[in-house]
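Asker: I'd like to ask you about the structure that follows.
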Amino acid sequence: MPSRTPTEPTRSGRPRSAEADAAILEATRESLVDLGWSKLTMGDVATRAGVAKTTLYRRWAGKNELVVDAVAVLFDELELPDLGSLPADVEAVVLQFAALLERPETKTALMAVVAESTRDEALRDRIRDSIVARQKHLVLQGRERAQLRGELPAEPDALVAARTADLIFDVIAGAVVHRTLVSAEPVDSDWARRFTMLLLSGLGAAAAGRQPGARGPGESRPTGAQKPGGSV
């Protein structure tokens, strides 16, 4: 019998289009702004995006998954600038994050999906995986830069380092989200500077209005003590 040449398995359906995905996610955010969570349907999104409803269901199981992905791509826009110092980097990313939250499509979509997640554990897990976990690289990147500059000490214990990164992310994200979306107060340059001072140097320095790493009159660093910000 003649030998058969193995062939690669064929995929059913059409290949995914990046343009179609972008149009669908944008239409999802527009629908949320115009209709709200309760009135948003897969059919409405499909009509706005100019695709068949079956196209949506080939990509997303339902509205929950679609909306989370529509929010997640917005947060992928965040970047950590390299401005030469840890305080400057933190202030810049805080302002960038706040500006993103002020956009109507971000604000509406994020608040809607978070509210719905209080009743849906699977949705909450998807938010954690698709939004939160994906943005923690900013903390890791900023910490690595600061360690290379000598602004932060190395953390040889990988478990402790991971827990520290989680805590830093929670503090920054929690503060900015609360300030912007809950209190509806502005995050301007002055607030970002004072928040960064509190984050890196603690309550004492923030109350005194000192820059991170600075010491007040007559203060001296105890022998062998870490530089301010080292515990972050």
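We name chains A, B, ... following the order of the structure tokens; residues begin at 1 in each chain, and ligands are numbered from 1 as shown.
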Return as JSON lines the residues of region 33-96 of chain A lying at most 9 Å from region 110-129 of chain A, together with the closest atom-to-atom pair for each and the distance in Å to one decimal, counting only C-alpha atoms, with rows in chain order and ascending residue number.
Answerer:
```
{"residue": "A:Gly36", "atom": "CA", "partner": "A:Ala112", "partner_atom": "CA", "distance": 7.6}
{"residue": "A:Trp37", "atom": "CA", "partner": "A:Ala112", "partner_atom": "CA", "distance": 6.0}
{"residue": "A:Asn64", "atom": "CA", "partner": "A:Leu123", "partner_atom": "CA", "distance": 6.5}
{"residue": "A:Glu65", "atom": "CA", "partner": "A:Leu123", "partner_atom": "CA", "distance": 7.5}
{"residue": "A:Val67", "atom": "CA", "partner": "A:Val113", "partner_atom": "CA", "distance": 7.1}
{"residue": "A:Val68", "atom": "CA", "partner": "A:Ile127", "partner_atom": "CA", "distance": 6.3}
{"residue": "A:Asp69", "atom": "CA", "partner": "A:Ile127", "partner_atom": "CA", "distance": 8.7}
{"residue": "A:Val71", "atom": "CA", "partner": "A:Leu110", "partner_atom": "CA", "distance": 6.4}
{"residue": "A:Ala72", "atom": "CA", "partner": "A:Ile127", "partner_atom": "CA", "distance": 8.2}
```
Asker: Save the residues we just selected, C-alpha atoms, as an mmCIF file, in the first residue's frame?
Answerer:
```
data_model
loop_
_atom_site.group_PDB
_atom_site.id
_atom_site.type_symbol
_atom_site.label_atom_id
_atom_site.label_comp_id
_atom_site.auth_asym_id
_atom_site.auth_seq_id
_atom_site.Cartn_x
_atom_site.Cartn_y
_atom_site.Cartn_z
ATOM 1 C CA GLY A 36 -26.158 50.136 30.515
ATOM 2 C CA TRP A 37 -25.434 46.596 31.600
ATOM 3 C CA ASN A 64 -19.947 38.615 30.742
ATOM 4 C CA GLU A 65 -16.885 37.366 28.883
ATOM 5 C CA VAL A 67 -17.584 42.906 28.442
ATOM 6 C CA VAL A 68 -14.546 41.854 30.506
ATOM 7 C CA ASP A 69 -12.455 41.590 27.354
ATOM 8 C CA VAL A 71 -12.536 46.504 29.440
ATOM 9 C CA ALA A 72 -9.260 44.567 29.522
#
```
Asker: Would you mind listing, for every residue of region 27-141 of chain A within 10 Å of region 149-172 of chain A, the two atoms forming the shortest contact and the distance between them in Å to one decimal, using only C-alpha atoms, sorted by chain and ascending residue number, as a tab-separated table?
Answerer:
```
residue	atom	partner	partner_atom	distance
A:Gly84	CA	A:Arg149	CA	8.5
A:Ser85	CA	A:Arg149	CA	7.9
A:Leu86	CA	A:Glu151	CA	7.2
A:Pro87	CA	A:Glu151	CA	9.8
A:Val90	CA	A:Ile172	CA	9.0
A:Val93	CA	A:Ile172	CA	9.6
A:Val94	CA	A:Ile172	CA	7.5
A:Phe97	CA	A:Ile172	CA	9.6
A:Val132	CA	A:Phe169	CA	8.8
A:Ala133	CA	A:Asp166	CA	9.4
A:Gln135	CA	A:Phe169	CA	8.6
A:Lys136	CA	A:Phe169	CA	6.5
A:His137	CA	A:Ala165	CA	9.2
A:Leu138	CA	A:Phe169	CA	8.6
A:Val139	CA	A:Ala165	CA	6.2
A:Leu140	CA	A:Ala165	CA	6.6
```
Asker: So how far away is CA of Ala92 (chain A) from CA of Ser201 (chain A), in Å?
Answerer: 17.4 Å
Asker: If you run DSSP on the backbone here, which positions in region 23-221 of chain A get alpha helix (DSSP H)? Please write them as a ChimeraX atom specification.
Answerer: /A:23-35,42-49,53-59,63-75,86-102,104-117,121-127,133-135,137-149,158-177,189-201,203-208
Asker: Suppose you want the space between CA of Ser38 (chain A) and CA of Thr54 (chain A); what is it in Å?
Answerer: 20.9 Å
Asker: Extract, using only C-alpha atoms, all DNA, RNA and protein residues at most 9 Å from Met42 (chain A), discarding same-chain residues fewer than 5 positions from it, and format them as a VMD selection string.
Answerer: chain A and resid 28 47 53 56 to 57 62 to 63 66
Asker: Pick out the closest residue to Arg29 (chain A) from this set: A:Gly202, A:Pro186, A:Gly174, A:Pro104. Count only C-alpha atoms.
Answerer: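 When distances to Arg29 (chain A) are compared using only C-alpha atoms, the smallest one comes from A:Pro104.
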Asker: Counting only C-alpha atoms, which residue out of A:Leu203, A:Ala146, A:Leu78, A:Leu40 sits closest to Ala99 (chain A)?
Answerer: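 Looking only at the distances to Ala99 (chain A), the closest residue turns out to be A:Leu78.
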Asker: Taking only C-alpha atoms into account, name the residue in A:Ala70, A:Ala20, A:Ala192, A:Ala184 that is nearest to Leu32 (chain A).
Answerer: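 Between A:Ala70, A:Ala20, A:Ala192, A:Ala184, the residue approaching Leu32 (chain A) most closely is A:Ala70.
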Asker: By how many Å are CA of Glu105 (chain A) and CA of Thr55 (chain A) apart?
Answerer: 22.7 Å
